[in-house]
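Trainee: For reference, this is target25.pdb, and it has PDB, C-alpha atoms.
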ATOM      1  CA  MET A   1     132.048  99.707 127.789
ATOM      2  CA  PHE A   2     131.655  97.143 124.995
ATOM      3  CA  MET A   3     133.340  99.455 122.487
ATOM      4  CA  LYS A   4     136.270 100.023 124.869
ATOM      5  CA  THR A   5     136.853  96.290 125.378
ATOM      6  CA  THR A   6     136.608  95.701 121.621
ATOM      7  CA  VAL A   7     139.209  98.385 120.904
ATOM      8  CA  LEU A   8     141.523  97.052 123.632
ATOM      9  CA  ALA A   9     141.160  93.524 122.298
ATOM     10  CA  GLY A  10     141.962  94.773 118.789
ATOM     11  CA  ILE A  11     145.089  96.621 119.967
ATOM     12  CA  HIS A  12     146.227  93.539 121.912
ATOM     13  CA  PHE A  13     145.700  91.323 118.864
ATOM     14  CA  PHE A  14     147.545  93.808 116.619
ATOM     15  CA  LYS A  15     150.533  93.863 118.994
ATOM     16  CA  LYS A  16     150.534  90.067 119.087
ATOM     17  CA  CYS A  17     150.397  89.853 115.271
ATOM     18  CA  THR A  18     153.247  92.380 114.924
ATOM     19  CA  ALA A  19     155.383  90.452 117.362
ATOM     20  CA  ASN A  20     154.701  87.191 115.520
ATOM     21  CA  ALA A  21     155.364  88.865 112.151
ATOM     22  CA  ILE A  22     158.730  90.162 113.305
ATOM     23  CA  SER A  23     159.698  86.805 114.802
ATOM     24  CA  SER A  24     158.488  84.555 111.980
ATOM     25  CA  ARG A  25     158.871  87.006 109.024
ATOM     26  CA  SER A  26     155.214  86.492 107.955
ATOM     27  CA  SER A  27     152.341  88.970 107.831
ATOM     28  CA  TYR A  28     148.784  88.653 109.120
ATOM     29  CA  ILE A  29     145.788  90.577 107.839
ATOM     30  CA  HIS A  30     142.796  90.835 110.146
ATOM     31  CA  THR A  31     139.551  91.823 108.374
ATOM     32  CA  SER A  32     136.808  90.317 110.537
ATOM     33  CA  ALA A  33     135.312  93.737 111.366
ATOM     34  CA  PHE A  34     134.794  94.554 107.673
ATOM     35  CA  LEU A  35     133.391  91.097 106.941
ATOM     36  CA  ARG A  36     130.985  91.384 109.861
ATOM     37  CA  LYS A  37     129.831  94.773 108.594
ATOM     38  CA  SER A  38     129.115  93.460 105.100
ATOM     39  CA  GLU A  39     127.354  90.387 106.505
ATOM     40  CA  ASP A  40     125.160  92.596 108.690
ATOM     41  CA  ARG A  41     124.252  94.681 105.651
ATOM     42  CA  LYS A  42     123.373  91.548 103.664
ATOM     43  CA  GLU A  43     121.154  90.315 106.507
ATOM     44  CA  MET A  44     119.453  93.692 106.742
ATOM     45  CA  LEU A  45     118.771  93.801 102.985
ATOM     46  CA  ALA A  46     117.490  90.218 103.032
ATOM     47  CA  SER A  47     115.070  90.995 105.865
ATOM     48  CA  MET A  48     113.568  94.025 104.092
ATOM     49  CA  PRO A  49     110.289  93.448 102.210
ATOM     50  CA  ALA A  50     110.350  93.471  98.421
ATOM     51  CA  LYS A  51     109.671  96.827  96.769
ATOM     52  CA  ASP A  52     106.191  96.812  95.290
ATOM     53  CA  GLU A  53     104.803  99.887  93.572
ATOM     54  CA  GLY A  54     101.737  98.087  92.270
ATOM     55  CA  THR A  55     103.249  97.508  88.851
ATOM     56  CA  ILE A  56     103.988  93.801  89.246
ATOM     57  CA  GLY A  57     100.498  92.795  88.100
ATOM     58  CA  GLU A  58      97.606  90.847  89.450
ATOM     59  CA  LYS A  59      97.920  88.140  92.028
ATOM     60  CA  SER A  60      95.477  85.278  91.680
ATOM     61  CA  VAL A  61      92.239  85.980  93.537
ATOM     62  CA  ASP A  62      90.039  83.029  94.344
ATOM     63  CA  ILE A  63      86.769  83.921  92.626
ATOM     64  CA  ASP A  64      84.934  81.180  94.511
ATOM     65  CA  THR A  65      85.167  83.224  97.707
ATOM     66  CA  LEU A  66      82.950  85.871  96.091
ATOM     67  CA  LEU A  67      80.146  83.404  95.485
ATOM     68  CA  ASN A  68      77.950  82.732  98.494
ATOM     69  CA  ARG A  69      76.349  79.578  97.157
ATOM     70  CA  ARG A  70      78.244  76.942  95.238
ATOM     71  CA  ALA A  71      75.173  74.750  94.653
ATOM     72  CA  LYS A  72      73.666  76.960  91.938
ATOM     73  CA  SER A  73      76.485  78.718  90.111
ATOM     74  CA  PHE A  74      74.972  78.923  86.619
ATOM     75  CA  PRO A  75      71.721  80.632  85.522
ATOM     76  CA  ASP A  76      68.667  78.819  84.250
ATOM     77  CA  ALA A  77      65.189  79.805  82.994
ATOM     78  CA  SER A  78      63.959  80.906  86.424
ATOM     79  CA  THR A  79      66.969  83.106  87.275
ATOM     80  CA  ALA A  80      65.454  86.312  85.810
ATOM     81  CA  THR A  81      62.577  86.272  88.303
ATOM     82  CA  GLN A  82      64.546  84.901  91.250
ATOM     83  CA  LEU A  83      64.590  87.294  94.217
ATOM     84  CA  PHE A  84      67.885  88.574  95.592
ATOM     85  CA  ASN A  85      67.468  90.643  98.744
ATOM     86  CA  GLY A  86      63.817  91.218  97.755
ATOM     87  CA  ILE A  87      64.613  92.389  94.180
ATOM     88  CA  PRO A  88      64.179  90.253  91.028
ATOM     89  CA  PHE A  89      67.424  89.409  89.265
ATOM     90  CA  ASN A  90      66.513  91.276  86.068
ATOM     91  CA  GLU A  91      65.913  94.497  88.072
ATOM     92  CA  LEU A  92      69.226  94.508  89.938
ATOM     93  CA  PRO A  93      71.651  97.371  89.185
ATOM     94  CA  ILE A  94      74.569  96.470  86.913
ATOM     95  CA  CYS A  95      78.221  97.297  87.513
ATOM     96  CA  ASN A  96      80.182  97.409  84.240
ATOM     97  CA  ILE A  97      83.954  97.019  84.582
ATOM     98  CA  ARG A  98      85.932  97.987  81.470
ATOM     99  CA  VAL A  99      89.480  96.697  81.848
ATOM    100  CA  SER A 100      92.447  97.505  79.632
ATOM    101  CA  PRO A 101      96.182  97.140  80.181
ATOM    102  CA  ASN A 102      96.445 100.908  80.803
ATOM    103  CA  ASN A 103      93.304 101.767  82.796
ATOM    104  CA  THR A 104      90.171 100.427  84.494
ATOM    105  CA  ILE A 105      86.814 102.186  84.116
ATOM    106  CA  ILE A 106      83.927 101.205  86.400
ATOM    107  CA  SER A 107      80.346 102.384  85.898
ATOM    108  CA  VAL A 108      77.194 101.512  87.833
ATOM    109  CA  THR A 109      73.883 101.623  85.956
ATOM    110  CA  ASP A 110      70.312 100.789  86.866
ATOM    111  CA  TYR A 111      68.657  97.738  85.328
ATOM    112  CA  LYS A 112      67.539  99.788  82.294
ATOM    113  CA  GLY A 113      71.123 100.762  81.511
ATOM    114  CA  VAL A 114      71.022 104.412  82.609
ATOM    115  CA  PRO A 115      74.444 105.254  84.096
ATOM    116  CA  ARG A 116      74.449 106.585  87.656
ATOM    117  CA  LEU A 117      78.124 106.410  88.730
ATOM    118  CA  ILE A 118      81.303 106.400  86.658
ATOM    119  CA  ARG A 119      84.831 106.232  88.072
ATOM    120  CA  SER A 120      88.222 105.405  86.585
ATOM    121  CA  CYS A 121      91.700 104.961  87.969
ATOM    122  CA  GLY A 122      92.737 108.311  86.484
ATOM    123  CA  VAL A 123      89.888 110.098  88.281
ATOM    124  CA  GLU A 124      90.983 108.443  91.536
ATOM    125  CA  GLY A 125      94.381 110.137  91.255
ATOM    126  CA  PHE A 126      96.566 107.416  89.751
ATOM    127  CA  LYS A 127      98.853 108.708  87.020
ATOM    128  CA  ASN A 128     100.651 107.193  84.026
ATOM    129  CA  THR A 129     101.605 103.515  84.382
ATOM    130  CA  ARG A 130     100.026 103.172  87.821
ATOM    131  CA  LYS A 131      96.544 103.526  86.289
ATOM    132  CA  GLY A 132      96.845 100.051  84.797
ATOM    133  CA  THR A 133      97.682  98.253  88.053
ATOM    134  CA  ASN A 134      95.564  95.982  90.197
ATOM    135  CA  ILE A 135      95.950  98.275  93.214
ATOM    136  CA  ALA A 136      94.483 101.215  91.275
ATOM    137  CA  ALA A 137      91.552  99.088  90.089
ATOM    138  CA  GLN A 138      90.827  97.894  93.609
ATOM    139  CA  ALA A 139      90.942 101.432  95.057
ATOM    140  CA  THR A 140      88.588 102.678  92.328
ATOM    141  CA  ALA A 141      86.184  99.793  92.939
ATOM    142  CA  VAL A 142      86.146 100.415  96.697
ATOM    143  CA  SER A 143      85.302 104.107  96.221
ATOM    144  CA  ILE A 144      82.515 103.453  93.711
ATOM    145  CA  GLY A 145      81.185 100.644  95.923
ATOM    146  CA  VAL A 146      80.910 103.034  98.881
ATOM    147  CA  LYS A 147      79.056 105.584  96.699
ATOM    148  CA  ALA A 148      76.677 102.881  95.440
ATOM    149  CA  VAL A 149      75.879 101.869  99.028
ATOM    150  CA  GLU A 150      75.159 105.545  99.811
ATOM    151  CA  LEU A 151      72.622 105.536  96.934
ATOM    152  CA  GLY A 152      70.893 102.593  98.604
ATOM    153  CA  TRP A 153      72.169  99.726  96.437
ATOM    154  CA  LYS A 154      73.298  96.649  98.305
ATOM    155  CA  THR A 155      73.041  93.859  95.732
ATOM    156  CA  ILE A 156      74.421  94.190  92.196
ATOM    157  CA  ARG A 157      75.315  92.259  89.068
ATOM    158  CA  VAL A 158      78.821  92.578  87.608
ATOM    159  CA  LYS A 159      79.801  92.558  83.929
ATOM    160  CA  VAL A 160      83.516  92.505  83.105
ATOM    161  CA  ARG A 161      84.831  93.478  79.674
ATOM    162  CA  GLY A 162      88.434  93.442  78.479
ATOM    163  CA  LEU A 163      91.755  92.040  79.598
ATOM    164  CA  GLY A 164      94.136  93.647  82.044
ATOM    165  CA  PRO A 165      95.602  93.475  85.529
ATOM    166  CA  GLY A 166      92.494  94.891  87.235
ATOM    167  CA  ARG A 167      89.900  92.227  86.416
ATOM    168  CA  MET A 168      89.801  90.276  89.669
ATOM    169  CA  SER A 169      90.962  93.179  91.833
ATOM    170  CA  ALA A 170      88.023  95.367  90.764
ATOM    171  CA  ILE A 171      85.534  92.644  91.718
ATOM    172  CA  LYS A 172      87.251  92.208  95.064
ATOM    173  CA  GLY A 173      87.182  95.986  95.596
ATOM    174  CA  LEU A 174      83.427  96.136  94.983
ATOM    175  CA  GLN A 175      82.955  93.500  97.640
ATOM    176  CA  MET A 176      85.236  95.414 100.018
ATOM    177  CA  GLY A 177      83.141  98.551  99.380
ATOM    178  CA  GLY A 178      80.109  96.817 100.918
ATOM    179  CA  LEU A 179      78.289  95.482  97.863
ATOM    180  CA  ASN A 180      76.824  91.998  97.575
ATOM    181  CA  ILE A 181      77.679  90.478  94.171
ATOM    182  CA  VAL A 182      75.195  87.880  92.920
ATOM    183  CA  SER A 183      76.492  87.280  89.386
ATOM    184  CA  ILE A 184      79.661  87.852  87.389
ATOM    185  CA  THR A 185      79.426  87.933  83.579
ATOM    186  CA  ASP A 186      82.425  88.128  81.252
ATOM    187  CA  ASN A 187      81.523  90.262  78.208
ATOM    188  CA  THR A 188      84.996  90.352  76.678
ATOM    189  CA  PRO A 189      84.619  90.512  72.876
ATOM    190  CA  VAL A 190      86.381  87.667  71.079
ATOM    191  CA  SER A 191      87.018  88.003  67.348
ATOM    192  CA  TRP A 192      86.993  84.809  65.301
ATOM    193  CA  ASN A 193      88.717  86.585  62.426
ATOM    194  CA  PRO A 194      91.128  89.076  64.005
ATOM    195  CA  PRO A 195      93.062  91.616  61.916
ATOM    196  CA  ARG A 196      96.526  90.711  60.761
ATOM    197  CA  PRO A 197      99.148  91.591  63.397
ATOM    198  CA  ARG A 198     101.870  94.120  62.759
ATOM    199  CA  LYS A 199     105.153  92.935  61.354
ATOM    200  CA  GLN A 200     107.904  92.147  63.834
ATOM    201  CA  ARG A 201     109.902  95.129  64.962
ATOM    202  CA  SER A 202     113.447  95.202  63.605
ATOM    203  CA  LEU A 203     116.158  96.190  66.021
TER
END
Produce C-alpha coordinates that represent the structure in this file.

Mentor:
Amino acid sequence: MFMKTTVLAGIHFFKKCTANAISSRSSYIHTSAFLRKSEDRKEMLASMPAKDEGTIGEKSVDIDTLLNRRAKSFPDASTATQLFNGIPFNELPICNIRVSPNNTIISVTDYKGVPRLIRSCGVEGFKNTRKGTNIAAQATAVSIGVKAVELGWKTIRVKVRGLGPGRMSAIKGLQMGGLNIVSITDNTPVSWNPPRPRKQRSL
(Lines of atoms letter the chains of each structure in order from A and count residues from 1; the text may use other names and numbers.)
(Lines give C-alpha, C1' and ligand atoms only; values in the text may rest on other atoms or scores of the structure.)
Protein backbone atom coordinates (compact mmCIF):
# COMPACT_ATOMS: atom_id res chain seq x y z
CA MET A 1 0.00 0.00 0.00
CA PHE A 2 2.81 2.41 0.93
CA MET A 3 4.71 1.59 -2.26
CA LYS A 4 1.59 2.19 -4.37
CA THR A 5 0.96 5.62 -2.83
CA THR A 6 4.64 6.54 -3.27
CA VAL A 7 4.56 5.59 -6.95
CA LEU A 8 1.30 7.49 -7.51
CA ALA A 9 2.70 10.54 -5.75
CA GLY A 10 5.83 10.34 -7.92
CA ILE A 11 3.80 10.11 -11.14
CA HIS A 12 1.63 13.05 -10.03
CA PHE A 13 4.71 15.13 -9.23
CA PHE A 14 6.32 14.20 -12.57
CA LYS A 15 3.19 15.28 -14.48
CA LYS A 16 3.13 18.54 -12.53
CA CYS A 17 6.82 19.19 -13.26
CA THR A 18 6.33 18.45 -16.98
CA ALA A 19 3.39 20.81 -17.15
CA ASN A 20 5.37 23.55 -15.40
CA ALA A 21 8.40 22.90 -17.63
CA ILE A 22 6.33 23.26 -20.78
CA SER A 23 4.64 26.42 -19.50
CA SER A 24 7.70 28.16 -18.06
CA ARG A 25 10.41 26.65 -20.36
CA SER A 26 12.48 25.46 -17.35
CA SER A 27 13.41 21.94 -16.26
CA TYR A 28 13.19 20.30 -12.85
CA ILE A 29 15.26 17.36 -11.67
CA HIS A 30 13.90 15.35 -8.76
CA THR A 31 16.52 13.17 -7.02
CA SER A 32 15.23 12.82 -3.46
CA ALA A 33 14.85 9.03 -3.75
CA PHE A 34 18.53 8.59 -4.65
CA LEU A 35 19.65 10.99 -1.93
CA ARG A 36 17.54 9.16 0.64
CA LYS A 37 19.06 5.85 -0.44
CA SER A 38 22.62 7.12 -0.05
CA GLU A 39 21.79 8.72 3.31
CA ASP A 40 20.31 5.44 4.54
CA ARG A 41 23.47 3.62 3.48
CA LYS A 42 25.65 6.17 5.30
CA GLU A 43 23.56 5.76 8.46
CA MET A 44 23.80 1.98 8.21
CA LEU A 45 27.59 2.08 7.78
CA ALA A 46 27.94 4.54 10.67
CA SER A 47 25.91 2.29 12.98
CA MET A 48 28.02 -0.80 12.24
CA PRO A 49 30.76 -1.64 14.77
CA ALA A 50 34.37 -1.10 13.76
CA LYS A 51 36.13 -4.09 12.21
CA ASP A 52 38.54 -5.57 14.72
CA GLU A 53 40.56 -8.66 13.88
CA GLY A 54 42.70 -8.42 17.00
CA THR A 55 45.55 -6.71 15.20
CA ILE A 56 44.98 -3.21 16.57
CA GLY A 57 47.08 -3.88 19.67
CA GLU A 58 46.62 -3.80 23.38
CA LYS A 59 44.08 -1.68 25.14
CA SER A 60 45.12 -0.35 28.52
CA VAL A 61 44.26 -2.80 31.29
CA ASP A 62 44.13 -1.44 34.81
CA ILE A 63 46.71 -3.56 36.63
CA ASP A 64 45.44 -2.36 40.00
CA THR A 65 42.30 -4.45 39.56
CA LEU A 66 44.47 -7.59 39.65
CA LEU A 67 45.86 -6.74 43.06
CA ASN A 68 43.61 -7.66 45.97
CA ARG A 69 45.36 -5.53 48.55
CA ARG A 70 46.68 -2.07 47.85
CA ALA A 71 48.13 -1.59 51.35
CA LYS A 72 51.15 -3.86 50.80
CA SER A 73 52.08 -3.74 47.13
CA PHE A 74 55.86 -4.17 47.40
CA PRO A 75 57.83 -7.07 48.94
CA ASP A 76 59.93 -6.82 52.07
CA ALA A 77 62.12 -9.19 54.13
CA SER A 78 59.18 -11.22 55.44
CA THR A 79 57.49 -11.77 52.05
CA ALA A 80 59.30 -15.06 51.31
CA THR A 81 57.74 -16.78 54.32
CA GLN A 82 54.36 -15.05 54.12
CA LEU A 83 51.49 -17.51 53.61
CA PHE A 84 49.22 -17.19 50.59
CA ASN A 85 46.31 -19.62 50.66
CA GLY A 86 48.29 -21.76 53.14
CA ILE A 87 51.49 -21.88 51.00
CA PRO A 88 54.64 -19.81 51.66
CA PHE A 89 55.41 -17.25 48.97
CA ASN A 90 58.73 -18.86 47.98
CA GLU A 91 56.96 -22.21 47.34
CA LEU A 92 54.22 -20.86 45.06
CA PRO A 93 54.24 -22.04 41.42
CA ILE A 94 55.59 -19.53 38.91
CA CYS A 95 53.97 -18.54 35.62
CA ASN A 96 56.54 -17.23 33.14
CA ILE A 97 55.14 -15.10 30.31
CA ARG A 98 57.56 -14.53 27.41
CA VAL A 99 56.19 -11.74 25.23
CA SER A 100 57.46 -10.68 21.82
CA PRO A 101 55.87 -8.62 19.06
CA ASN A 102 55.18 -11.83 17.09
CA ASN A 103 54.16 -14.38 19.74
CA THR A 104 53.43 -14.99 23.42
CA ILE A 105 54.74 -18.09 25.21
CA ILE A 106 53.38 -18.97 28.66
CA SER A 107 54.88 -21.66 30.89
CA VAL A 108 53.93 -22.72 34.41
CA THR A 109 56.67 -24.17 36.62
CA ASP A 110 56.82 -25.32 40.22
CA TYR A 111 58.79 -23.28 42.75
CA LYS A 112 62.00 -25.17 41.88
CA GLY A 113 61.72 -24.15 38.23
CA VAL A 114 60.68 -27.50 36.74
CA PRO A 115 58.27 -26.76 33.86
CA ARG A 116 54.85 -28.41 34.06
CA LEU A 117 52.77 -26.61 31.38
CA ILE A 118 53.85 -24.77 28.25
CA ARG A 119 51.49 -23.10 25.78
CA SER A 120 51.96 -20.52 23.03
CA CYS A 121 49.64 -18.64 20.73
CA GLY A 122 50.75 -20.81 17.80
CA VAL A 123 49.83 -23.99 19.70
CA GLU A 124 46.41 -22.49 20.44
CA GLY A 125 45.70 -22.25 16.71
CA PHE A 126 46.53 -18.63 15.91
CA LYS A 127 48.49 -18.25 12.69
CA ASN A 128 50.85 -15.65 11.23
CA THR A 129 50.26 -12.06 12.40
CA ARG A 130 47.42 -13.02 14.73
CA LYS A 131 49.88 -14.80 17.04
CA GLY A 132 51.24 -11.45 18.18
CA THR A 133 47.89 -9.95 19.21
CA ASN A 134 46.46 -9.33 22.65
CA ILE A 135 43.44 -11.54 21.92
CA ALA A 136 45.70 -14.51 21.15
CA ALA A 137 47.69 -13.95 24.36
CA GLN A 138 44.53 -13.76 26.43
CA ALA A 139 43.08 -16.96 24.91
CA THR A 140 46.36 -18.80 25.54
CA ALA A 141 46.48 -17.57 29.14
CA VAL A 142 42.89 -18.65 29.79
CA SER A 143 43.56 -22.18 28.49
CA ILE A 144 46.77 -22.62 30.50
CA GLY A 145 45.04 -21.16 33.57
CA VAL A 146 42.27 -23.76 33.32
CA LYS A 147 44.88 -26.56 33.02
CA ALA A 148 46.78 -25.22 36.04
CA VAL A 149 43.57 -25.23 38.10
CA GLU A 150 43.00 -28.86 37.03
CA LEU A 151 46.49 -29.69 38.41
CA GLY A 152 45.40 -28.23 41.74
CA TRP A 153 47.13 -24.83 41.60
CA LYS A 154 45.03 -21.89 42.70
CA THR A 155 47.59 -19.25 43.69
CA ILE A 156 50.58 -18.37 41.50
CA ARG A 157 53.33 -15.83 40.96
CA VAL A 158 53.73 -14.20 37.55
CA LYS A 159 56.98 -13.19 35.83
CA VAL A 160 56.71 -11.21 32.59
CA ARG A 161 59.62 -10.93 30.16
CA GLY A 162 59.74 -8.98 26.91
CA LEU A 163 57.73 -6.31 25.15
CA GLY A 164 54.69 -6.87 22.98
CA PRO A 165 50.94 -6.50 22.73
CA GLY A 166 50.18 -9.47 25.00
CA ARG A 167 51.72 -8.32 28.29
CA MET A 168 48.64 -7.15 30.17
CA SER A 169 46.22 -9.38 28.27
CA ALA A 170 48.07 -12.55 29.32
CA ILE A 171 47.88 -11.55 33.00
CA LYS A 172 44.19 -10.81 32.63
CA GLY A 173 43.67 -14.17 30.90
CA LEU A 174 45.33 -16.05 33.77
CA GLN A 175 42.93 -14.38 36.16
CA MET A 176 39.99 -15.25 33.90
CA GLY A 177 41.18 -18.88 33.88
CA GLY A 178 40.58 -19.08 37.64
CA LEU A 179 44.04 -18.39 39.06
CA ASN A 180 44.75 -16.06 41.97
CA ILE A 181 47.78 -13.86 41.19
CA VAL A 182 49.70 -12.66 44.24
CA SER A 183 52.72 -11.02 42.60
CA ILE A 184 53.73 -9.68 39.19
CA THR A 185 57.45 -9.34 38.40
CA ASP A 186 58.82 -7.72 35.25
CA ASN A 187 61.99 -9.57 34.15
CA THR A 188 62.46 -7.74 30.86
CA PRO A 189 66.21 -7.53 30.15
CA VAL A 190 67.45 -3.97 29.69
CA SER A 191 70.84 -3.43 28.06
CA TRP A 192 72.83 -0.40 29.20
CA ASN A 193 75.08 -0.69 26.16
CA PRO A 194 72.87 -1.88 23.30
CA PRO A 195 74.30 -2.83 19.89
CA ARG A 196 74.43 -0.20 17.21
CA PRO A 197 71.15 -0.05 15.25
CA ARG A 198 70.97 -0.81 11.57
CA LYS A 199 71.39 2.00 9.11
CA GLN A 200 68.23 3.68 7.85
CA ARG A 201 66.56 1.93 4.97
CA SER A 202 66.85 3.78 1.67
CA LEU A 203 63.75 3.91 -0.46

Trainee: Go through the shown structure with the PyMOL selection byres ((chain A and resi 158-171) around 9) and write out the matching residues as a ChimeraX atom specification.

Mentor: /A:57-63,66,93-104,106,132-142,156-157,172-176,181-189

Trainee: Using C-alpha atoms, can you export the residues from the last selection as a PDB file, in the frame of the given file?

Mentor:
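Done, and the output landed in again_21.pdb:
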ATOM      1  CA  GLY A  57     100.498  92.795  88.100  1.00  0.00           C
ATOM      2  CA  GLU A  58      97.606  90.847  89.450  1.00  0.00           C
ATOM      3  CA  LYS A  59      97.920  88.140  92.028  1.00  0.00           C
ATOM      4  CA  SER A  60      95.477  85.278  91.680  1.00  0.00           C
ATOM      5  CA  VAL A  61      92.239  85.980  93.537  1.00  0.00           C
ATOM      6  CA  ASP A  62      90.039  83.029  94.344  1.00  0.00           C
ATOM      7  CA  ILE A  63      86.769  83.921  92.626  1.00  0.00           C
ATOM      8  CA  LEU A  66      82.950  85.871  96.091  1.00  0.00           C
ATOM      9  CA  PRO A  93      71.651  97.371  89.185  1.00  0.00           C
ATOM     10  CA  ILE A  94      74.569  96.470  86.913  1.00  0.00           C
ATOM     11  CA  CYS A  95      78.221  97.297  87.513  1.00  0.00           C
ATOM     12  CA  ASN A  96      80.182  97.409  84.240  1.00  0.00           C
ATOM     13  CA  ILE A  97      83.954  97.019  84.582  1.00  0.00           C
ATOM     14  CA  ARG A  98      85.932  97.987  81.470  1.00  0.00           C
ATOM     15  CA  VAL A  99      89.480  96.697  81.848  1.00  0.00           C
ATOM     16  CA  SER A 100      92.447  97.505  79.632  1.00  0.00           C
ATOM     17  CA  PRO A 101      96.182  97.140  80.181  1.00  0.00           C
ATOM     18  CA  ASN A 102      96.445 100.908  80.803  1.00  0.00           C
ATOM     19  CA  ASN A 103      93.304 101.767  82.796  1.00  0.00           C
ATOM     20  CA  THR A 104      90.171 100.427  84.494  1.00  0.00           C
ATOM     21  CA  ILE A 106      83.927 101.205  86.400  1.00  0.00           C
ATOM     22  CA  GLY A 132      96.845 100.051  84.797  1.00  0.00           C
ATOM     23  CA  THR A 133      97.682  98.253  88.053  1.00  0.00           C
ATOM     24  CA  ASN A 134      95.564  95.982  90.197  1.00  0.00           C
ATOM     25  CA  ILE A 135      95.950  98.275  93.214  1.00  0.00           C
ATOM     26  CA  ALA A 136      94.483 101.215  91.275  1.00  0.00           C
ATOM     27  CA  ALA A 137      91.552  99.088  90.089  1.00  0.00           C
ATOM     28  CA  GLN A 138      90.827  97.894  93.609  1.00  0.00           C
ATOM     29  CA  ALA A 139      90.942 101.432  95.057  1.00  0.00           C
ATOM     30  CA  THR A 140      88.588 102.678  92.328  1.00  0.00           C
ATOM     31  CA  ALA A 141      86.184  99.793  92.939  1.00  0.00           C
ATOM     32  CA  VAL A 142      86.146 100.415  96.697  1.00  0.00           C
ATOM     33  CA  ILE A 156      74.421  94.190  92.196  1.00  0.00           C
ATOM     34  CA  ARG A 157      75.315  92.259  89.068  1.00  0.00           C
ATOM     35  CA  LYS A 172      87.251  92.208  95.064  1.00  0.00           C
ATOM     36  CA  GLY A 173      87.182  95.986  95.596  1.00  0.00           C
ATOM     37  CA  LEU A 174      83.427  96.136  94.983  1.00  0.00           C
ATOM     38  CA  GLN A 175      82.955  93.500  97.640  1.00  0.00           C
ATOM     39  CA  MET A 176      85.236  95.414 100.018  1.00  0.00           C
ATOM     40  CA  ILE A 181      77.679  90.478  94.171  1.00  0.00           C
ATOM     41  CA  VAL A 182      75.195  87.880  92.920  1.00  0.00           C
ATOM     42  CA  SER A 183      76.492  87.280  89.386  1.00  0.00           C
ATOM     43  CA  ILE A 184      79.661  87.852  87.389  1.00  0.00           C
ATOM     44  CA  THR A 185      79.426  87.933  83.579  1.00  0.00           C
ATOM     45  CA  ASP A 186      82.425  88.128  81.252  1.00  0.00           C
ATOM     46  CA  ASN A 187      81.523  90.262  78.208  1.00  0.00           C
ATOM     47  CA  THR A 188      84.996  90.352  76.678  1.00  0.00           C
ATOM     48  CA  PRO A 189      84.619  90.512  72.876  1.00  0.00           C
TER      49      PRO A 189
END

Trainee: Could you please determine the separation between CA of Thr109 (chain A) and CA of Lys154 (chain A) in Å, to one decimal place?

Mentor: 13.3 Å

Trainee: What does the distance between CA of Leu92 (chain A) and CA of Asp110 (chain A) come to in Å, to one decimal place?

Mentor: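 Computing it gives 7.1 Å between the two atoms.
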
Trainee: Between A:Phe74, A:Tyr111, A:Pro197, A:Arg130, which has the minimum distance to Pro88 (chain A) (counting all atoms listed in the file)?

Mentor: A:Tyr111

Trainee: Report, in Å to a single decimal, how far apart CA of Ile105 (chain A) and CA of Gly122 (chain A) are.

Mentor: 8.8 Å
